[in-house]
Amino acid sequence: MNGSAGAFKRFRKTFQAGDVIFSEYEPGDNFYLIQVGRVQIVKIFGDLEKTIAILNPGEIFGEMAILEEAPRSATAIAMDQVTALEFNQENFDILMQGNPQVALTLLKLFAMRIHDQKRKFQILTLDDVEAKVADVFLMLAEHEPVDTTEVETMQFNTTVDDVAHWAGISPEKCRQVINHFINQRRVELFPEKIVVRNINDFARFVKSRRRKQD
Amino acid sequence: MSPKAMQYKANSIIFFKGDISDKIFILKTGQVSLNYTDIETGQEIHDLIKTGEFFGVRSALGRYAREETAQVLTDSVAVAFTVPEFEQLALQNTRIIIKMLRIYSNMLRRIHKQVQNLIFSEEQIKPEEGLYRIGEYYLKNKRYSQALYVYQRYLTYYPSGRYASDVNQKIQIAEQYLQKYGQGKGPSVVPGEEGAAQAVPKPNEDRQTQEMSEVAKQFYNAVSLLSQQKYQEALVQFRKIVAENQDAEYTAKSQYEMGRSLYYLKQHDASIQAFSSMIQKYPKHPDLREALYYVGNCYADKGDAEKAKGFYNKILSLTEDEDAVSRKVRKALRDLGGGGQ
């Protein structure tokens with residue numbers, strides 16, 4: 001074992017399979033880098049637990065803890081016996097200086113999070129609730145490696161509750177809007193996915209609504 | 001390939017908003033402005049890049065479209081890095097990353113706050129409510145160890161919260177079921193419904209505004225210790241509450257919990273004594289049957305099956321109702337090899 005690994009030992013935490021590392025809504029002031037084992041990130045929607053991600057060694061989670069007083073947005077559960085480095089305000093600089101690769105990973109994560117939040121902000125500033133929902137699909141489409149000038153129909157592994165969360169509206173309201181889109185034959189709803197018939201049609205729709213607002 | 005110094009003429013564009021590219025730049029000489037519309041105010045912003053400053057980093061690292069247009073104001077030289085080249089440079093110069101991390105975390109805080117301000121309060125679940133609901137979900141799905149974690153966190157953050165007493169009961173249920181039936185097994189505990197659990201009181205809306213008394217807080221902290229299996233520490237707390245006797249309700253409750261703590265510490269005689277004095281003092285204690293059950297367990301553990309059976313049968317004679325206690329008692333009787341209808 002080299003010197004730096006030894007120095008980080010005291011920040012190392014071990015969790016048994018099934019252990020909750022942190023729970024959604026819990027205030028959090030630390031985040032983790034997985035060294036051994038896998039971590040399941042889940043969110044509970046009503047009566048359903050949905051897996052958002054399964055993370056492997058080398059990955060970071062809970063990094064939004066840098067937001068003051070913000071509750072955790074998801075629950076992290078150890079899938080195996082997990083060893084993780086625990087970061088907080090106090091040890092942040094030491095760990096980052098001794099671990100440039102981790103710092104870089106975190107930098108990339110922050111870059112993505114800033115973008116996600118900005119995108120969410122844009123969605124929320126739309127007045128029209130239909131436009132909000134349509135814009136959530138556009139945002140999801142931006143995460144897909146497809147060229148929307150060539151592809152029109154897109155399917156998203158998402159749920160009404162998820163879309164509602166992003167659009168900042170209640171699930172009931174979101175269901176109404178999506179039903180309206182279904183009646184217009186713009187959207188098809190399946191248990192585990194939502195299909196948008198023509199993503200470019202949504203892009204035009206959102207653009208026109210945004211223009212009207214400005 | 002290595003980073004390339006590029007010459008740009010005044011009024012040219014290095015990249016346009018909406019471009020997708022993996023190039024990161026550092027300005028060597030000249031003047032470059034980043035132009036974008038402020039998402040909050042809708043204002044057109046022109047940010048001047050200082051020489052020696054990086055730009056185009058976030059969109060390249062995050063792999064999304066450029067959010068700004070980089071316009072050259074005077075003849076300039078900028079060095080263009082690919083993402084791997086930038087990474088190599090940064091890894092040898094951690095200071096750069098740490099500085100950027102600080103800037104990014106501030107940006108993230110700011111934008112996150114703006115987003116939160118836009119979400120109407122009715123669409124946001126209060127963290128206390130949310131945490132409670134997560135605990136309920138896991139308990140309902142018989143994932144006792146997860147439920148225990150969440151409930152214990154609830155008590156840590158909201159020791160006098162509106163669900164505190166409910167959560168305390170649920171912790172006991174989850175512990176019992178985990179021990180008795182194991183993870184994923186056991187009768188269902190539908191929150192709020194009568195059933196396996198002894199009637200779990202619905203949180204009282206009126207009560208939430210009232211401050212919980214100091215002694216109540218002490219009590220719930222001690223219960224939290226107990227559920228973390230810190231029996232000795234819990235015992236000390238319960239003893240203190242009983243000794244100080246400030247609030248009859250919590251003295252009675254603590255008397256019962258003292259007996260439980262001692263039972264888990266395997267101090268069987270002391271546990272029997274604690275429960276006996278509780279029963280003498282509070283013949284109508286709401287946890288009377290539970291107390292008798294623990295006394296029975298103490299005798300069973302001590303190897304006195306006859307006395308254990310006596311207590312178990314006494315519990316069954318107290319009520320006709322079939323509930324968690326009577327089920328546990330019947331099982332205990334079966335384990336001892338006799339009786340228990």
# chains A, B, ... in the order shown; residues from 1 in each chain; ligands from 1

$ closest_atom_pairs --of "stretch 115-140 of chain B" --to "stretch 46-54 of chain A" --cutoff "10 Å" --atoms "only C-alpha atoms" --output "tab-separated table"
residue	atom	partner	partner_atom	distance
B:Arg133	CA	A:Gly46	CA	8.9
B:Ile134	CA	A:Gly46	CA	9.4
B:Glu136	CA	A:Asp47	CA	10.0
B:Tyr137	CA	A:Asp47	CA	7.0
B:Tyr138	CA	A:Glu49	CA	9.4
B:Lys140	CA	A:Asp47	CA	9.5

$ interface_residues --of "chain B" --to "chain A" --cutoff "7 Å" --atoms "only C-alpha atoms" --output "list in words"
Arg58, Leu61, Gly62, Leu91, Thr94, Ile97, Leu101, Tyr104, Ser105, Leu108, Arg109, Ile111, His112, Val115, Leu118, Ile119, Glu123, Pro127, Gly130, Leu131, Tyr137, Gln146, Tyr149 and Val150 of chain B

$ select_by_dssp --residues "stretch 26-185 of chain B" --states "strand (DSSP E)" --output "PyMOL selection string"
chain B and resi 26-37+44-49+54-55+69-82

$ write_last_selection --atoms "N, CA and C atoms" --output "JSON list (two decimals), in the first residue's frame"
[["chain", "number", "residue", "atom", "x", "y", "z"],
["B", 26, "ILE", "N", -7.57, 28.22, -23.64],
["B", 26, "ILE", "CA", -6.99, 29.13, -22.65],
["B", 26, "ILE", "C", -6.52, 30.35, -23.44],
["B", 27, "LEU", "N", -6.88, 31.53, -22.96],
["B", 27, "LEU", "CA", -6.54, 32.75, -23.69],
["B", 27, "LEU", "C", -5.11, 33.17, -23.38],
["B", 28, "LYS", "N", -4.31, 33.29, -24.43],
["B", 28, "LYS", "CA", -2.90, 33.69, -24.24],
["B", 28, "LYS", "C", -2.76, 35.21, -24.31],
["B", 29, "THR", "N", -3.20, 35.76, -25.45],
["B", 29, "THR", "CA", -3.14, 37.22, -25.61],
["B", 29, "THR", "C", -4.42, 37.68, -26.31],
["B", 30, "GLY", "N", -4.72, 38.96, -26.15],
["B", 30, "GLY", "CA", -5.88, 39.52, -26.84],
["B", 30, "GLY", "C", -7.10, 39.60, -25.95],
["B", 31, "GLN", "N", -8.28, 39.76, -26.58],
["B", 31, "GLN", "CA", -9.53, 39.92, -25.83],
["B", 31, "GLN", "C", -10.62, 39.07, -26.44],
["B", 32, "VAL", "N", -11.26, 38.28, -25.60],
["B", 32, "VAL", "CA", -12.37, 37.44, -26.05],
["B", 32, "VAL", "C", -13.54, 37.66, -25.10],
["B", 33, "SER", "N", -14.73, 37.69, -25.68],
["B", 33, "SER", "CA", -15.92, 37.88, -24.85],
["B", 33, "SER", "C", -16.84, 36.66, -25.01],
["B", 34, "LEU", "N", -17.41, 36.22, -23.89],
["B", 34, "LEU", "CA", -18.42, 35.14, -23.94],
["B", 34, "LEU", "C", -19.78, 35.80, -23.89],
["B", 35, "ASN", "N", -20.57, 35.59, -24.94],
["B", 35, "ASN", "CA", -21.88, 36.24, -25.03],
["B", 35, "ASN", "C", -23.00, 35.22, -24.81],
["B", 36, "TYR", "N", -23.90, 35.55, -23.94],
["B", 36, "TYR", "CA", -25.04, 34.65, -23.68],
["B", 36, "TYR", "C", -26.19, 35.44, -23.08],
["B", 37, "THR", "N", -27.35, 34.81, -23.07],
["B", 37, "THR", "CA", -28.52, 35.43, -22.48],
["B", 37, "THR", "C", -28.66, 34.91, -21.07],
["B", 44, "GLU", "N", -28.83, 40.26, -22.27],
["B", 44, "GLU", "CA", -27.66, 39.82, -23.05],
["B", 44, "GLU", "C", -26.40, 40.15, -22.24],
["B", 45, "ILE", "N", -25.62, 39.12, -21.94],
["B", 45, "ILE", "CA", -24.44, 39.31, -21.11],
["B", 45, "ILE", "C", -23.18, 39.13, -21.95],
["B", 46, "HIS", "N", -22.19, 40.00, -21.73],
["B", 46, "HIS", "CA", -20.89, 39.85, -22.38],
["B", 46, "HIS", "C", -19.83, 39.72, -21.29],
["B", 47, "ASP", "N", -19.30, 38.53, -21.11],
["B", 47, "ASP", "CA", -18.28, 38.31, -20.08],
["B", 47, "ASP", "C", -16.91, 38.34, -20.74],
["B", 48, "LEU", "N", -16.06, 39.20, -20.23],
["B", 48, "LEU", "CA", -14.72, 39.31, -20.79],
["B", 48, "LEU", "C", -13.81, 38.24, -20.20],
["B", 49, "ILE", "N", -13.09, 37.51, -21.06],
["B", 49, "ILE", "CA", -12.14, 36.50, -20.59],
["B", 49, "ILE", "C", -10.80, 37.18, -20.31],
["B", 54, "PHE", "N", -9.25, 29.90, -18.62],
["B", 54, "PHE", "CA", -9.83, 28.84, -19.47],
["B", 54, "PHE", "C", -11.23, 29.25, -19.88],
["B", 55, "PHE", "N", -11.66, 28.82, -21.04],
["B", 55, "PHE", "CA", -13.07, 28.95, -21.40],
["B", 55, "PHE", "C", -13.52, 27.78, -22.26],
["B", 69, "THR", "N", -21.53, 32.14, -26.96],
["B", 69, "THR", "CA", -20.77, 32.37, -28.19],
["B", 69, "THR", "C", -19.48, 33.09, -27.77],
["B", 70, "ALA", "N", -18.33, 32.55, -28.25],
["B", 70, "ALA", "CA", -17.05, 33.16, -27.89],
["B", 70, "ALA", "C", -16.62, 34.08, -29.03],
["B", 71, "GLN", "N", -16.70, 35.37, -28.77],
["B", 71, "GLN", "CA", -16.42, 36.36, -29.81],
["B", 71, "GLN", "C", -15.06, 37.02, -29.55],
["B", 72, "VAL", "N", -14.26, 37.12, -30.63],
["B", 72, "VAL", "CA", -12.92, 37.71, -30.50],
["B", 72, "VAL", "C", -13.05, 39.22, -30.68],
["B", 73, "LEU", "N", -12.58, 39.99, -29.70],
["B", 73, "LEU", "CA", -12.73, 41.45, -29.76],
["B", 73, "LEU", "C", -11.52, 42.11, -30.41],
["B", 74, "THR", "N", -10.33, 41.66, -30.04],
["B", 74, "THR", "CA", -9.10, 42.15, -30.69],
["B", 74, "THR", "C", -8.30, 40.92, -31.12],
["B", 75, "ASP", "N", -7.37, 41.10, -32.03],
["B", 75, "ASP", "CA", -6.57, 39.95, -32.48],
["B", 75, "ASP", "C", -6.06, 39.19, -31.26],
["B", 76, "SER", "N", -6.27, 37.87, -31.25],
["B", 76, "SER", "CA", -5.98, 37.08, -30.04],
["B", 76, "SER", "C", -5.30, 35.77, -30.36],
["B", 77, "VAL", "N", -4.65, 35.23, -29.34],
["B", 77, "VAL", "CA", -4.10, 33.87, -29.44],
["B", 77, "VAL", "C", -4.69, 33.06, -28.30],
["B", 78, "ALA", "N", -5.22, 31.90, -28.65],
["B", 78, "ALA", "CA", -5.76, 31.00, -27.62],
["B", 78, "ALA", "C", -5.22, 29.60, -27.89],
["B", 79, "VAL", "N", -4.93, 28.88, -26.82],
["B", 79, "VAL", "CA", -4.46, 27.50, -26.98],
["B", 79, "VAL", "C", -5.66, 26.57, -26.84],
["B", 80, "ALA", "N", -5.80, 25.68, -27.83],
["B", 80, "ALA", "CA", -6.94, 24.75, -27.81],
["B", 80, "ALA", "C", -6.49, 23.39, -27.32],
["B", 81, "PHE", "N", -7.18, 22.87, -26.33],
["B", 81, "PHE", "CA", -6.91, 21.54, -25.78],
["B", 81, "PHE", "C", -8.09, 20.64, -26.11],
["B", 82, "THR", "N", -7.81, 19.37, -26.37],
["B", 82, "THR", "CA", -8.90, 18.40, -26.38],
["B", 82, "THR", "C", -9.16, 18.04, -24.92]]

$ residues_around --residues "A:Ile194" --least-positions-apart "5" --cutoff "10 Å" --atoms "only C-alpha atoms" --output "JSON, numbers by chain"
{"A": [137, 154, 155, 156, 157, 158, 159, 160, 163, 178, 187, 188, 189]}

$ closest_residue --among "B:Ile96, B:Ala248, B:Met6, B:Val329" --to "B:Glu53" --atoms "only C-alpha atoms"
B:Ile96

$ residues_around --residues "A:Lys13" --least-positions-apart "3" --cutoff "10 Å" --atoms "only C-alpha atoms" --output "MDAnalysis selection string"
chainID A and resid 9:10 21 32 34:35 82:86

$ closest_residue --among "A:Gln176, A:Thr153, A:Thr14, A:Asn183" --to "A:Asp201" --atoms "only C-alpha atoms"
A:Thr153

$ atom_distance --atom1 "atom CA of A:Leu140" --atom2 "atom CA of B:Ile13"
29.2 Å

$ residues_around --residues "B:Ala174" --least-positions-apart "6" --cutoff "9 Å" --atoms "only C-alpha atoms" --output "list in words"
Leu139, Lys142, Arg143, Tyr144, Ser145, Ala147 and Leu148 of chain B

$ write_last_selection --atoms "N, CA and C atoms" --output "PDB file, in the first residue's frame"
ATOM      1  N   LEU B 139     -40.954  -0.173   5.381  1.00  0.00           N
ATOM      2  CA  LEU B 139     -41.612  -1.022   6.381  1.00  0.00           C
ATOM      3  C   LEU B 139     -42.728  -1.818   5.708  1.00  0.00           C
ATOM      4  N   LYS B 142     -41.596  -4.689   3.917  1.00  0.00           N
ATOM      5  CA  LYS B 142     -40.875  -5.647   4.775  1.00  0.00           C
ATOM      6  C   LYS B 142     -39.369  -5.562   4.629  1.00  0.00           C
ATOM      7  N   ARG B 143     -38.901  -4.426   4.197  1.00  0.00           N
ATOM      8  CA  ARG B 143     -37.442  -4.238   4.144  1.00  0.00           C
ATOM      9  C   ARG B 143     -37.070  -3.535   5.448  1.00  0.00           C
ATOM     10  N   TYR B 144     -37.088  -4.364   6.495  1.00  0.00           N
ATOM     11  CA  TYR B 144     -36.982  -3.818   7.859  1.00  0.00           C
ATOM     12  C   TYR B 144     -35.689  -3.055   8.098  1.00  0.00           C
ATOM     13  N   SER B 145     -34.566  -3.598   7.605  1.00  0.00           N
ATOM     14  CA  SER B 145     -33.303  -2.922   7.941  1.00  0.00           C
ATOM     15  C   SER B 145     -33.246  -1.544   7.276  1.00  0.00           C
ATOM     16  N   ALA B 147     -35.933   0.250   6.552  1.00  0.00           N
ATOM     17  CA  ALA B 147     -36.909   1.066   7.292  1.00  0.00           C
ATOM     18  C   ALA B 147     -36.278   1.574   8.585  1.00  0.00           C
ATOM     19  N   LEU B 148     -35.535   0.681   9.257  1.00  0.00           N
ATOM     20  CA  LEU B 148     -34.918   1.073  10.530  1.00  0.00           C
ATOM     21  C   LEU B 148     -33.951   2.231  10.330  1.00  0.00           C
TER      22      LEU B 148
END

$ atom_distance --atom1 "atom CA of A:Arg210" --atom2 "atom CA of A:Met139"
14.8 Å

$ residues_around --residues "B:Glu249" --least-positions-apart "6" --cutoff "12 Å" --atoms "only C-alpha atoms" --output "list in words"
Ser213, Val215, Ala216, Phe219, Ile241, Val242, Gln255, Tyr256, Tyr282, His285 and Pro286 of chain B

$ decode --residues "stretch 27-39 of chain B" --atoms "N, CA, C and O atoms" --output "compact mmCIF listing (two decimals), in the first residue's frame"
# COMPACT_ATOMS: atom_id res chain seq x y z
N LEU B 27 -6.88 31.53 -22.96
CA LEU B 27 -6.54 32.75 -23.69
C LEU B 27 -5.11 33.17 -23.38
O LEU B 27 -4.76 33.36 -22.21
N LYS B 28 -4.31 33.29 -24.43
CA LYS B 28 -2.90 33.69 -24.24
C LYS B 28 -2.76 35.21 -24.31
O LYS B 28 -2.25 35.83 -23.40
N THR B 29 -3.20 35.76 -25.45
CA THR B 29 -3.14 37.22 -25.61
C THR B 29 -4.42 37.68 -26.31
O THR B 29 -5.09 36.89 -26.97
N GLY B 30 -4.72 38.96 -26.15
CA GLY B 30 -5.88 39.52 -26.84
C GLY B 30 -7.10 39.60 -25.95
O GLY B 30 -7.00 39.53 -24.72
N GLN B 31 -8.28 39.76 -26.58
CA GLN B 31 -9.53 39.92 -25.83
C GLN B 31 -10.62 39.07 -26.44
O GLN B 31 -10.89 39.15 -27.64
N VAL B 32 -11.26 38.28 -25.60
CA VAL B 32 -12.37 37.44 -26.05
C VAL B 32 -13.54 37.66 -25.10
O VAL B 32 -13.34 37.81 -23.89
N SER B 33 -14.73 37.69 -25.68
CA SER B 33 -15.92 37.88 -24.85
C SER B 33 -16.84 36.66 -25.01
O SER B 33 -17.01 36.14 -26.12
N LEU B 34 -17.41 36.22 -23.89
CA LEU B 34 -18.42 35.14 -23.94
C LEU B 34 -19.78 35.80 -23.89
O LEU B 34 -20.10 36.50 -22.93
N ASN B 35 -20.57 35.59 -24.94
CA ASN B 35 -21.88 36.24 -25.03
C ASN B 35 -23.00 35.22 -24.81
O ASN B 35 -23.00 34.16 -25.45
N TYR B 36 -23.90 35.55 -23.94
CA TYR B 36 -25.04 34.65 -23.68
C TYR B 36 -26.19 35.44 -23.08
O TYR B 36 -26.02 36.58 -22.64
N THR B 37 -27.35 34.81 -23.07
CA THR B 37 -28.52 35.43 -22.48
C THR B 37 -28.66 34.91 -21.07
O THR B 37 -28.67 33.70 -20.86
N ASP B 38 -28.76 35.79 -20.13
CA ASP B 38 -28.95 35.37 -18.75
C ASP B 38 -30.30 34.68 -18.62
O ASP B 38 -31.33 35.26 -18.98
N ILE B 39 -30.29 33.45 -18.11
CA ILE B 39 -31.56 32.71 -18.09
C ILE B 39 -32.55 33.30 -17.11
O ILE B 39 -33.74 33.10 -17.23
